[in-house]
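Listing of data.cif; format and content: mmCIF, C-alpha atoms and all ligand atoms.
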```cif
data_upload
loop_
_atom_site.label_atom_id
_atom_site.label_comp_id
_atom_site.auth_asym_id
_atom_site.auth_seq_id
_atom_site.Cartn_x
_atom_site.Cartn_y
_atom_site.Cartn_z
CA MET A 1 -26.96 -14.58 -9.85
CA ILE A 2 -28.45 -11.41 -8.40
CA PHE A 3 -30.07 -11.14 -5.00
CA GLN A 4 -31.01 -8.70 -2.29
CA GLY A 5 -29.82 -9.76 1.11
CA LYS A 6 -28.15 -8.90 4.35
CA VAL A 7 -25.12 -9.93 6.38
CA ASN A 8 -25.87 -12.40 9.16
CA THR A 9 -22.33 -12.97 10.33
CA LEU A 10 -18.98 -11.59 9.34
CA THR A 11 -15.64 -13.06 10.39
CA TYR A 12 -12.08 -12.36 9.36
CA ALA A 13 -9.70 -15.14 8.40
CA LEU A 14 -6.39 -15.78 6.73
CA GLY A 15 -6.60 -17.65 3.47
CA ASN A 16 -4.51 -18.30 0.40
CA ASN A 17 -5.10 -16.26 -2.72
CA ALA A 18 -4.95 -17.48 -6.34
CA HIS A 19 -1.14 -17.39 -6.09
CA GLY A 20 -1.06 -19.48 -2.91
CA LYS A 21 -0.09 -16.50 -0.76
CA PRO A 22 -1.76 -15.73 2.59
CA MET A 23 -4.10 -12.73 2.55
CA ILE A 24 -6.78 -11.40 4.90
CA TYR A 25 -10.33 -12.35 3.96
CA THR A 26 -13.83 -11.67 5.24
CA ASP A 27 -16.08 -14.70 5.49
CA LEU A 28 -19.70 -13.69 5.13
CA SER A 29 -22.79 -15.62 5.91
CA LEU A 30 -25.52 -13.88 3.95
CA GLN A 31 -29.26 -14.10 4.17
CA VAL A 32 -30.98 -14.14 0.78
CA ASP A 33 -34.16 -12.04 1.02
CA ASP A 34 -35.09 -11.57 -2.59
CA LEU A 35 -33.65 -13.61 -5.43
CA LEU A 36 -33.72 -11.46 -8.55
CA ARG A 37 -31.91 -13.80 -10.91
CA GLY A 38 -30.40 -17.31 -10.76
CA GLN A 39 -30.91 -20.29 -8.48
CA VAL A 40 -30.23 -20.54 -4.76
CA ASP A 41 -31.95 -22.11 -1.74
CA LYS A 42 -33.22 -19.05 0.16
CA THR A 43 -33.73 -21.02 3.37
CA LEU A 44 -29.99 -21.65 3.69
CA PRO A 45 -27.32 -19.08 4.51
CA PHE A 46 -25.25 -18.13 1.50
CA GLU A 47 -21.56 -18.42 2.38
CA PHE A 48 -19.26 -16.06 0.62
CA ARG A 49 -15.60 -15.04 1.01
CA THR A 50 -14.37 -11.58 0.07
CA ILE A 51 -10.91 -9.97 0.14
CA GLY A 52 -9.94 -7.62 2.98
CA GLY A 53 -10.32 -7.49 6.73
CA VAL A 54 -8.42 -7.37 9.98
CA TYR A 55 -5.82 -9.82 11.26
CA GLN A 56 -3.94 -9.12 14.51
CA ASP A 57 -2.61 -5.56 14.16
CA LYS A 58 -2.87 -5.52 10.34
CA THR A 59 -5.74 -4.28 8.22
CA LEU A 60 -6.16 -4.96 4.52
CA GLU A 61 -8.50 -2.78 2.47
CA VAL A 62 -8.90 -3.41 -1.23
CA LYS A 63 -10.08 -0.40 -3.21
CA GLY A 64 -11.94 -1.50 -6.30
CA MET A 65 -13.63 -4.39 -4.46
CA PRO A 66 -16.66 -3.90 -2.19
CA ASP A 67 -16.55 -4.23 1.58
CA PHE A 68 -19.44 -5.33 3.77
CA SER A 69 -20.63 -4.22 7.19
CA SER A 70 -22.62 -6.31 9.60
CA ASP A 71 -26.04 -4.63 9.53
CA GLU A 72 -26.17 -3.84 5.89
CA THR A 73 -28.81 -4.60 3.25
CA PHE A 74 -27.59 -4.73 -0.33
CA ILE A 75 -27.96 -6.17 -3.81
CA VAL A 76 -25.08 -8.30 -5.09
CA PHE A 77 -24.25 -9.41 -8.62
CA LEU A 78 -22.37 -12.71 -8.61
CA LYS A 79 -20.93 -14.96 -11.25
CA LYS A 80 -20.01 -18.60 -10.84
CA GLN A 81 -16.37 -19.28 -11.52
CA GLY A 82 -15.56 -22.97 -11.05
CA GLU A 83 -17.10 -24.05 -7.73
CA SER A 84 -17.49 -20.63 -6.15
CA TYR A 85 -19.11 -17.30 -6.81
CA SER A 86 -17.26 -14.05 -7.29
CA LEU A 87 -18.43 -10.46 -7.53
CA VAL A 88 -19.11 -9.10 -11.00
CA ARG A 89 -16.98 -6.11 -11.98
CA GLY A 90 -15.41 -5.46 -8.57
CA GLU A 91 -17.03 -2.75 -6.49
CA MET A 92 -19.78 -2.36 -9.09
CA GLY A 93 -21.00 -5.84 -8.11
CA LYS A 94 -22.54 -4.62 -4.86
CA ILE A 95 -25.05 -1.85 -4.20
CA SER A 96 -25.82 -0.83 -0.62
CA ILE A 97 -29.45 -0.21 0.14
CA SER A 98 -29.44 0.52 3.86
CA GLY A 99 -27.32 0.11 6.94
CA THR A 100 -24.70 2.15 8.70
CA ARG A 101 -20.94 2.49 8.65
CA PRO A 102 -18.71 3.26 11.57
CA THR A 103 -18.05 6.99 11.66
CA VAL A 104 -14.55 7.82 10.50
CA THR A 105 -12.79 10.23 12.84
CA GLU A 106 -9.29 9.93 11.45
CA LYS A 107 -8.25 9.24 7.90
CA SER A 108 -5.62 6.69 6.98
CA LYS A 109 -2.44 8.07 5.51
CA TRP A 110 1.27 7.41 5.11
CA ASN A 111 3.66 8.43 7.87
CA GLY A 112 5.85 11.49 8.04
CA LEU A 113 5.78 15.24 7.51
CA ASN A 114 6.59 15.04 3.81
CA PRO A 115 5.75 11.48 2.80
CA VAL A 116 7.29 10.18 -0.40
CA VAL A 117 5.87 6.87 -1.58
CA LYS A 118 8.28 4.99 -3.80
CA TYR A 119 6.64 2.80 -6.38
CA SER A 120 7.90 0.38 -8.93
CA ILE A 121 5.89 -0.82 -11.88
CA ASN A 122 6.18 -4.11 -13.68
CA PRO A 123 5.41 -2.86 -17.20
CA ASN A 124 5.02 -6.38 -18.56
CA ILE A 125 1.85 -6.54 -20.65
CA SER A 126 1.77 -8.17 -24.08
CA TYR A 127 0.21 -5.40 -26.16
CA LEU A 128 1.75 -2.20 -24.69
CA SER A 129 5.33 -0.98 -24.76
CA ALA A 130 7.13 -0.91 -21.42
CA SER A 131 8.28 2.68 -21.86
CA ASN A 132 4.72 3.84 -22.54
CA VAL A 133 3.48 2.05 -19.44
CA GLU A 134 6.22 3.59 -17.32
CA GLN A 135 5.57 7.05 -18.73
CA SER A 136 1.84 6.73 -17.93
CA ALA A 137 2.69 5.80 -14.35
CA LYS A 138 5.13 8.68 -14.05
CA SER A 139 2.73 11.31 -15.43
CA SER A 140 -0.19 10.16 -13.31
CA SER A 141 1.79 9.75 -10.08
CA LEU A 142 3.38 13.20 -10.38
CA GLN A 143 -0.09 14.73 -10.68
CA TRP A 144 -0.66 13.96 -6.98
CA PHE A 145 2.20 16.22 -5.97
CA SER A 146 -0.18 18.69 -7.55
CA PHE A 147 2.67 20.67 -9.09
CA GLY A 148 4.05 21.67 -5.73
CA LYS A 149 0.74 22.38 -4.02
CA ALA A 150 0.48 19.28 -1.82
CA ASN A 151 2.82 17.88 0.76
CA PHE A 152 2.85 14.37 -0.65
CA ALA A 153 4.75 12.84 -3.54
CA TYR A 154 5.40 9.67 -5.46
CA SER A 155 8.77 8.73 -6.81
CA GLN A 156 9.51 5.91 -9.22
CA SER A 157 12.10 3.50 -7.89
CA GLY A 158 12.79 1.49 -11.01
CA THR A 159 11.13 -1.42 -12.74
CA GLY A 160 9.31 -3.94 -10.59
CA ASP A 161 8.99 -7.69 -11.09
CA GLU A 162 5.93 -8.45 -8.95
CA THR A 163 3.05 -10.26 -10.66
CA SER A 164 0.76 -10.57 -7.63
CA PRO A 165 -0.03 -8.51 -4.52
CA ARG A 166 2.33 -8.91 -1.59
CA ASP A 167 0.95 -11.06 1.20
CA VAL A 168 0.19 -10.59 4.88
CA ASN A 169 3.70 -11.70 5.91
CA THR A 170 5.34 -8.75 4.15
CA VAL A 171 3.62 -6.33 6.54
CA ASN A 172 5.28 -5.64 9.86
CA CYS A 173 3.42 -3.28 12.17
CA SER A 174 6.17 -3.21 14.78
CA ASN A 175 8.57 -1.64 12.29
CA VAL A 176 6.75 1.10 10.40
CA ALA A 177 8.86 3.37 8.20
CA LEU A 178 8.88 6.92 9.53
CA SER A 179 8.83 8.98 6.39
CA SER A 180 8.15 6.92 3.33
CA GLY A 181 6.66 3.73 2.00
CA ASN A 182 6.48 1.67 -1.10
CA ALA A 183 4.02 0.40 -3.66
CA GLU A 184 4.21 -2.28 -6.35
CA ILE A 185 2.18 -2.04 -9.55
CA PHE A 186 1.58 -4.96 -11.89
CA PHE A 187 -0.79 -6.35 -14.54
CA SER A 188 -2.69 -9.60 -14.08
CA GLU A 189 -3.78 -11.67 -17.04
CA ASN A 190 -5.51 -14.57 -15.27
CA PHE A 191 -8.84 -14.65 -13.46
CA ASP A 192 -8.48 -13.71 -9.79
CA SER A 193 -11.59 -13.55 -7.57
CA ASP A 194 -9.78 -11.03 -5.31
CA CYS A 195 -9.84 -8.48 -8.11
CA THR A 196 -12.69 -8.66 -10.57
CA GLY A 197 -12.94 -4.95 -11.40
CA ASN A 198 -10.62 -3.12 -13.78
CA SER A 199 -8.08 -2.58 -11.06
CA CYS A 200 -7.58 -3.05 -7.33
CA VAL A 201 -5.49 -1.19 -4.79
CA PHE A 202 -4.33 -3.33 -1.86
CA LEU A 203 -3.89 -1.03 1.09
CA TRP A 204 -2.15 -2.46 4.15
CA LYS A 205 -2.58 -0.49 7.34
CA CYS A 206 -1.37 -0.57 10.91
CA GLY A 207 -4.02 1.40 12.75
CA ASN A 208 -4.52 4.51 10.63
CA THR A 209 -1.07 4.37 9.10
CA ILE A 210 -0.77 3.03 5.58
CA VAL A 211 2.40 0.96 5.47
CA GLN A 212 2.33 -0.81 2.12
CA SER A 213 0.29 -0.81 -1.04
CA ASP A 214 0.04 -2.73 -4.30
CA MET A 215 -1.91 -2.00 -7.45
CA GLN A 216 -3.28 -4.75 -9.64
CA LEU A 217 -4.28 -3.78 -13.17
CA ASN A 218 -6.69 -6.45 -14.32
CA SER A 219 -6.23 -7.31 -17.98
CA VAL A 220 -8.97 -9.95 -17.73
CA ALA A 221 -11.61 -7.30 -17.01
CA THR A 222 -10.56 -4.68 -19.53
CA ARG A 223 -8.27 -3.92 -22.42
CA TRP A 224 -5.79 -1.20 -21.49
CA THR A 225 -5.24 1.62 -23.94
CA LEU A 226 -2.95 4.62 -24.03
CA LEU A 227 -5.55 6.56 -26.01
CA ALA A 228 -9.06 7.64 -25.13
CA PRO A 229 -11.21 4.48 -24.81
CA THR A 230 -13.40 3.84 -27.85
CA ASP A 231 -15.95 1.62 -26.07
CA SER A 232 -16.70 0.10 -22.66
CA SER A 233 -14.33 -2.83 -23.21
CA GLU A 234 -11.35 -0.46 -23.08
CA THR A 235 -9.87 1.59 -20.24
CA ASN A 236 -7.33 4.35 -20.52
CA LEU A 237 -4.32 3.21 -18.51
CA GLN A 238 -3.22 6.64 -17.35
CA SER A 239 -6.64 7.66 -16.00
CA GLU A 240 -6.93 4.37 -14.07
CA LEU A 241 -3.43 4.86 -12.66
CA LEU A 242 -4.28 8.45 -11.74
CA HIS A 243 -7.36 7.30 -9.79
CA ASP A 244 -5.53 4.43 -8.13
CA PHE A 245 -2.57 6.57 -7.09
CA GLY A 246 -5.19 8.67 -5.27
CA HIS A 247 -6.35 5.52 -3.43
CA ILE A 248 -2.77 4.58 -2.55
CA ALA A 249 -2.38 8.04 -1.00
CA GLY A 250 -5.40 7.26 1.22
CA ILE A 251 -8.18 9.06 -0.65
CA GLU A 252 -11.57 7.38 -0.67
CA HIS A 253 -14.78 8.05 -2.53
CA CYS A 254 -18.41 7.08 -2.13
CA LYS A 255 -19.29 3.72 -3.58
CA ILE A 256 -21.97 3.01 -6.12
CA GLY A 257 -25.37 2.97 -4.44
CA ASP A 258 -24.12 4.52 -1.18
CA THR A 259 -26.84 6.46 0.58
CA THR A 260 -25.94 9.96 1.80
CA SER A 261 -25.44 8.71 5.36
CA ILE A 262 -23.35 5.70 4.38
CA CYS A 263 -21.26 7.92 2.14
CA SER A 264 -20.66 10.64 4.73
CA ALA A 265 -19.69 7.97 7.27
CA ARG A 266 -17.24 6.58 4.74
CA LEU A 267 -15.70 9.96 3.96
CA GLY A 268 -15.87 10.99 7.60
CA GLY A 269 -16.77 14.61 6.85
CA PHE A 270 -13.21 15.23 5.71
CA TRP A 271 -14.09 16.10 2.19
CA GLU A 272 -17.06 16.29 -0.13
CA ASP A 273 -17.59 13.40 -2.48
CA PHE A 274 -16.03 13.76 -5.88
CA LYS A 275 -17.62 15.23 -8.96
CA GLN A 276 -17.57 13.77 -12.43
CA THR A 277 -14.72 16.12 -13.31
CA ASP A 278 -12.48 14.74 -10.52
CA ALA A 279 -10.07 11.86 -10.91
CA MET A 280 -11.48 10.28 -7.73
CA TYR A 281 -15.05 10.16 -9.06
CA ARG A 282 -16.51 6.75 -8.22
CA PHE A 283 -17.35 5.68 -11.77
CA PRO A 284 -14.42 4.98 -14.06
CA SER A 285 -13.97 7.83 -16.48
CA PHE A 286 -11.29 9.15 -18.79
CA LYS A 287 -9.20 11.81 -17.05
CA GLU A 288 -5.55 12.72 -17.39
CA LYS A 289 -5.38 15.35 -14.67
CA ILE A 290 -6.54 15.70 -11.12
CA ALA A 291 -9.09 18.46 -10.39
CA ALA A 292 -10.15 20.81 -7.58
CA ASN A 293 -11.66 18.26 -5.16
CA ASP A 294 -8.78 15.85 -5.70
CA ILE A 295 -6.29 18.57 -4.76
CA GLN A 296 -8.36 19.51 -1.73
CA ALA A 297 -8.48 15.89 -0.57
CA ILE A 298 -4.73 15.35 -0.84
CA GLN A 299 -4.09 18.66 0.94
CA ILE A 300 -6.48 17.74 3.75
CA LEU A 301 -4.57 14.50 4.26
CA TYR A 302 -1.02 15.83 4.02
CA GLY A 303 -1.14 19.61 4.15
CA THR A 304 -0.33 22.21 1.54
CA LEU A 305 3.08 23.01 0.15
CA ASN A 306 2.34 26.01 -2.08
CA LEU A 307 5.67 26.33 -3.82
CA PRO A 308 5.97 29.81 -5.32
CA PHE A 309 6.14 28.61 -8.94
CA PRO A 310 3.60 29.90 -11.44
CA SER A 311 0.88 27.30 -12.04
CA GLU A 312 0.55 27.96 -15.77
CA GLY A 313 2.63 29.03 -18.71
CA LYS A 314 6.20 28.23 -19.62
CA TYR A 315 7.61 28.96 -16.15
CA ALA A 316 5.27 26.47 -14.47
CA LEU A 317 6.85 23.26 -13.16
CA ASN A 318 7.09 20.53 -15.75
CA GLU A 319 7.56 16.82 -14.96
CA GLU A 320 11.33 17.14 -14.86
CA ASP A 321 11.16 20.14 -12.49
CA ILE A 322 8.79 18.24 -10.21
CA GLY A 323 11.29 15.41 -10.23
CA ASP A 324 13.96 17.83 -8.93
CA VAL A 325 11.76 19.01 -6.08
CA ILE A 326 10.62 15.51 -5.15
CA GLY A 327 14.27 14.42 -5.26
CA GLN A 328 15.05 17.08 -2.68
CA ILE A 329 12.10 16.06 -0.48
CA GLU A 330 13.10 12.42 -0.73
CA MET A 331 16.67 13.20 0.22
CA GLU A 332 15.48 15.16 3.26
CA ALA A 333 13.20 12.31 4.25
CA THR A 334 16.05 9.81 3.89
CA VAL A 335 18.44 11.71 6.15
CA GLY A 336 15.69 12.66 8.60
CA ALA A 337 16.08 16.38 7.86
CA ASN A 338 12.38 16.91 8.43
CA SER A 339 12.30 16.51 12.18
CA VAL A 340 11.66 19.69 14.16
CA GLU A 341 15.05 19.41 15.81
CA ASN A 342 16.90 19.10 12.51
CA ARG A 343 14.92 21.94 10.96
CA LYS A 344 15.95 24.16 13.88
CA GLN A 345 19.56 23.13 13.52
CA TYR A 346 19.51 23.81 9.79
CA GLY A 347 17.89 27.22 10.40
CA SER A 348 20.61 28.26 12.81
CA TYR A 349 23.26 27.09 10.35
CA VAL A 350 21.77 29.31 7.62
CA ALA A 351 21.42 32.24 10.05
CA ASN A 352 25.12 31.91 10.92
CA LEU A 353 26.01 31.78 7.27
CA VAL A 354 24.09 35.01 6.64
CA GLN A 355 25.88 36.73 9.54
CA TYR A 356 29.23 35.47 8.37
CA SER A 357 28.63 36.71 4.83
CA GLN A 358 27.69 40.15 6.07
CA ARG A 359 30.65 40.37 8.43
CA ARG A 360 33.19 39.11 5.91
CA THR A 361 32.34 41.63 3.21
CA GLY A 362 30.95 44.42 5.37
CA GLN A 363 28.35 44.65 2.67
CA ASN A 364 24.60 44.53 2.85
CA LEU A 365 23.45 41.00 2.02
CA ARG A 366 20.82 42.20 -0.43
CA GLN A 367 23.48 44.11 -2.34
CA GLN A 368 25.59 40.93 -2.49
CA TYR A 369 22.59 39.00 -3.73
CA ASP A 370 21.84 41.61 -6.41
CA ASP A 371 25.43 41.56 -7.66
CA PHE A 372 25.65 37.79 -7.64
CA PHE A 373 22.36 37.20 -9.44
CA ASP A 374 23.07 39.93 -12.04
CA LEU A 375 26.32 38.18 -12.86
CA ALA A 376 24.64 34.76 -12.89
CA LYS A 377 21.97 36.03 -15.26
CA ARG A 378 24.58 37.41 -17.65
CA GLN A 379 26.55 34.16 -17.55
CA THR A 380 23.41 32.11 -18.17
CA ALA A 381 23.32 33.54 -21.69
CA GLY A 382 26.55 31.66 -22.49
CA PHE A 383 25.54 28.33 -20.94
CA SER A 384 25.10 25.09 -22.88
CA GLN A 385 21.78 23.23 -22.66
CA GLU A 386 23.35 20.81 -20.20
CA GLN A 387 24.62 23.62 -17.98
CA LEU A 388 21.23 25.33 -18.14
CA ARG A 389 19.50 22.13 -17.08
CA PHE A 390 21.90 21.77 -14.17
CA GLN A 391 21.27 25.36 -13.10
CA LEU A 392 17.53 24.83 -13.37
CA GLN A 393 17.74 21.76 -11.12
CA TYR A 394 19.78 23.72 -8.59
CA LEU A 395 17.21 26.52 -8.63
CA ASN A 396 14.17 24.21 -8.40
CA MET A 397 15.65 22.59 -5.32
CA GLY A 398 16.78 25.93 -3.90
CA ILE A 399 13.33 27.44 -4.24
CA TYR A 400 11.82 24.50 -2.40
CA ASN A 401 14.46 24.90 0.27
CA GLY A 402 13.72 28.64 0.57
CA LEU A 403 10.03 27.92 0.99
CA LYS A 404 10.78 25.43 3.77
CA LEU A 405 12.99 28.00 5.55
CA LYS A 406 10.17 30.53 5.29
CA GLU A 407 7.71 28.03 6.75
CA ASP A 408 10.18 27.26 9.55
CA ALA A 409 10.53 31.00 10.31
CA THR A 410 6.75 31.26 10.68
CA LYS A 411 6.81 28.33 13.12
CA GLY A 412 9.64 29.94 15.09
CA TYR A 413 12.21 27.25 14.14
CA ASN A 414 14.68 29.88 12.89
CA THR A 415 15.34 33.57 13.35
CA LEU A 416 15.83 34.42 9.68
CA ASP A 417 14.27 37.65 8.46
CA PRO A 418 11.17 36.61 6.43
CA THR A 419 11.52 39.62 4.12
CA LEU A 420 15.10 38.59 3.35
CA LEU A 421 13.92 35.04 2.60
CA ASP A 422 11.23 36.42 0.29
CA TYR A 423 13.84 38.53 -1.44
CA MET A 424 16.09 35.49 -1.94
CA LEU A 425 13.17 33.49 -3.33
CA GLN A 426 12.36 36.29 -5.78
CA LYS A 427 15.98 36.34 -6.96
CA HIS A 428 15.96 32.56 -7.45
CA LEU A 429 12.68 32.77 -9.37
CA GLU A 430 14.07 35.54 -11.60
CA LEU A 431 17.16 33.53 -12.44
CA ARG A 432 14.97 30.48 -13.04
CA ARG A 433 12.98 32.46 -15.63
CA SER A 434 16.20 33.50 -17.40
CA THR A 435 17.36 29.89 -17.33
CA ILE A 436 14.12 28.64 -18.89
CA ASP A 437 14.30 31.43 -21.50
CA GLY A 438 17.85 30.31 -22.28
CA MET A 439 16.68 26.72 -22.73
CA GLY A 440 14.07 27.91 -25.21
CA ARG A 441 11.40 25.91 -23.35
ZN ZN B 501 -11.89 4.07 -6.69
#
```
Serialized structure, C-alpha cells:
Amino acid sequence: MIFQGKVNTLTYALGNNAHGKPMIYTDLSLQVDDLLRGQVDKTLPFEFRTIGGVYQDKTLEVKGMPDFSSDETFIVFLKKQGESYSLVRGEMGKISISGTRPTVTEKSKWNGLNPVVKYSINPNISYLSASNVEQSAKSSSLQWFSFGKANFAYSQSGTGDETSPRDVNTVNCSNVALSSGNAEIFFSENFDSDCTGNSCVFLWKCGNTIVQSDMQLNSVATRWTLLAPTDSSETNLQSELLHDFGHIAGIEHCKIGDTTSICSARLGGFWEDFKQTDAMYRFPSFKEKIAANDIQAIQILYGTLNLPFPSEGKYALNEEDIGDVIGQIEMEATVGANSVENRKQYGSYVANLVQYSQRRTGQNLRQQYDDFFDLAKRQTAGFSQEQLRFQLQYLNMGIYNGLKLKEDATKGYNTLDPTLLDYMLQKHLELRRSTIDGMGR
C-alpha cells in the first residue's frame, strides 16, 4: 500500500518487540489524503506503530528506519505482514514532502574527552566465515579513528552472542559511563518490523549523550557479501558496517526525500550533507573507506587528534599501529588519565623527570636523546621481527603520548618546552621509520 498522508497524533509507548523485549515505540494516527496504491478506508485514521521515541529520561533513535514529526506530510510505502503493516525497505519506505523539524542546537555524542566505544560482534551467519565477518568489522570501525586524525575510536572487545537489540531496561540514565560505551552487532535472519531495511542502528540516548548502541544486520532484506555487490539483492558487509559505525558515533545524514529545510534542521548546521563519495551518503553504496565529509563530521563531534604520522606510504599507520594507539587511549580512559587534573599531574611528573635527567648527567637533554636514539637505531638492525614489532608498538604509543603532552603544553597544563617535545617526537618518528624498514613492511 502506498499513500500520501499526514500525522494527526503521535504518542510514545513501551511495547514488546519481536523477541518479547520492551522497546520504545511511536504510535501514529495518520490521515490518509491520497491513496496511491492498495485498499484503505480514507475516512478512518490509519493507526501505525513505529520503532523509536522517548520514555522517561531515555530516547531511542533507530537509524535505518524513518522517524515522523507531528506536522509532517509524507508518502509511505507499506507492506502487510500478518495482521499489521510495516514499512518497506526501512527508511526508504517514507518520503517527506513538507513539514518542519525541531532545530538541532547540540549534536548527540558519546561522553568523554577521548571516547572509545567498545563493540562486540556476533559473527554468526550461515554463509560467511566468522573470521571474515570480524575482519570486516575491524577494518570498518578503525576507519572512524581516521588514522589518528579524529578524537574518537572503536575497539573490538571480543565475540558477542546477542541476536537481538538490547531493550529499554538495559539503559540507565542515572549511571552514564564517563569515557566509553559499548555496542553490540548481530545478524537477524527472521522478519522483524522494527528493522525492515538492510540494517538498523539502535541508538540509546540520555539527553544528548549516547549511552548504548546496537547494530542489526538484516539478512532478510539483503544477502551480505564480502565482495563488491553484483546486483541490488546483495550488500557489501564492510561498506554497510562502515556507514553504521558512523551512525553509532552520532553522525546523521539527510533522509531520502528531505527538503533542504528539513535536512538542515536535521543536521543542525553542524555539517554539510554527505556526497556520493562519502560513507555517510544517504543511499546505500559500496565504499570501503571514509572520505572528506565523513572525517569532518567525526572531527566536529569529537575534535581532531592530528597524530604526526604520515598519512600515506609505508610509514603511515596500518591497522595494527592504530590498534596500538587506540590501546593507549583506552588505557588512559580506563584509569581516568584524561581529566584536566590528571593531565596536569602527569605533565609535572614528566617535567621533573626531564630536570632530573639533566641534573644527573650534567648533560644537555637533546645530546642525551641524540646518543640514545643513535644507539637504538643501530641496535634495531639486529632485532628479530618480534622485537621490532614490540619496539614499533612502544613507539606508536610514545608518539601519541608526546602529542598529548604537546597539546597539554598549549593549554597550559604543563611547563614543558614545546620545542623539546617536538624534538622528542621527531626522534621517535625517526626510530619508527628505521623499525619499519627493519620489518621490511
Ligand atoms: Zn544511514
Inset, instruction - Give as JSON, numbers by chain the residues surrounding ligand ZN 501 (chain B) up to a distance of 6 Å, considering only C-alpha atoms and all ligand atoms. - result: {"A": [63, 64, 282]}
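Residue nearest Leu113 in chain A within the list A:Ala150, A:Ala137, A:Ile2, A:Leu392: A:Ala150 [criterion: smallest interatomic distance, only C-alpha atoms].
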Inset, instruction - Find the residues around Ala376 in chain A up to 12 Å (all atoms listed in the file counted), leave out those fewer than 2 positions away in its own chain, and share them as a count of residues only. - result: 22
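The residue that comes closest to Gln238 in chain A, out of A:Val340, A:Ile436, A:Val325, A:Ile290 and on the basis of only C-alpha atoms, is A:Ile290.
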Inset, instruction - Using only C-alpha atoms, pick whichever of A:Gly160, A:Gly112, A:Gly246, A:Pro45 has the shortest atom-to-atom distance to Ser140 in chain A. - result: A:Gly246
Using all atoms listed in the file, determine which residues lie at most 7 Å from range 218-220 of chain A, disregarding the query and same-chain residues fewer than 4 positions distant; provide the list as a CSV table (one decimal) with C-alpha atoms, in the coordinates of the input.
```csv
chain,number,residue,atom,x,y,z
A,187,PHE,CA,-0.8,-6.4,-14.5
A,188,SER,CA,-2.7,-9.6,-14.1
A,189,GLU,CA,-3.8,-11.7,-17.0
A,190,ASN,CA,-5.5,-14.6,-15.3
A,191,PHE,CA,-8.8,-14.6,-13.5
A,198,ASN,CA,-10.6,-3.1,-13.8
A,199,SER,CA,-8.1,-2.6,-11.1
```
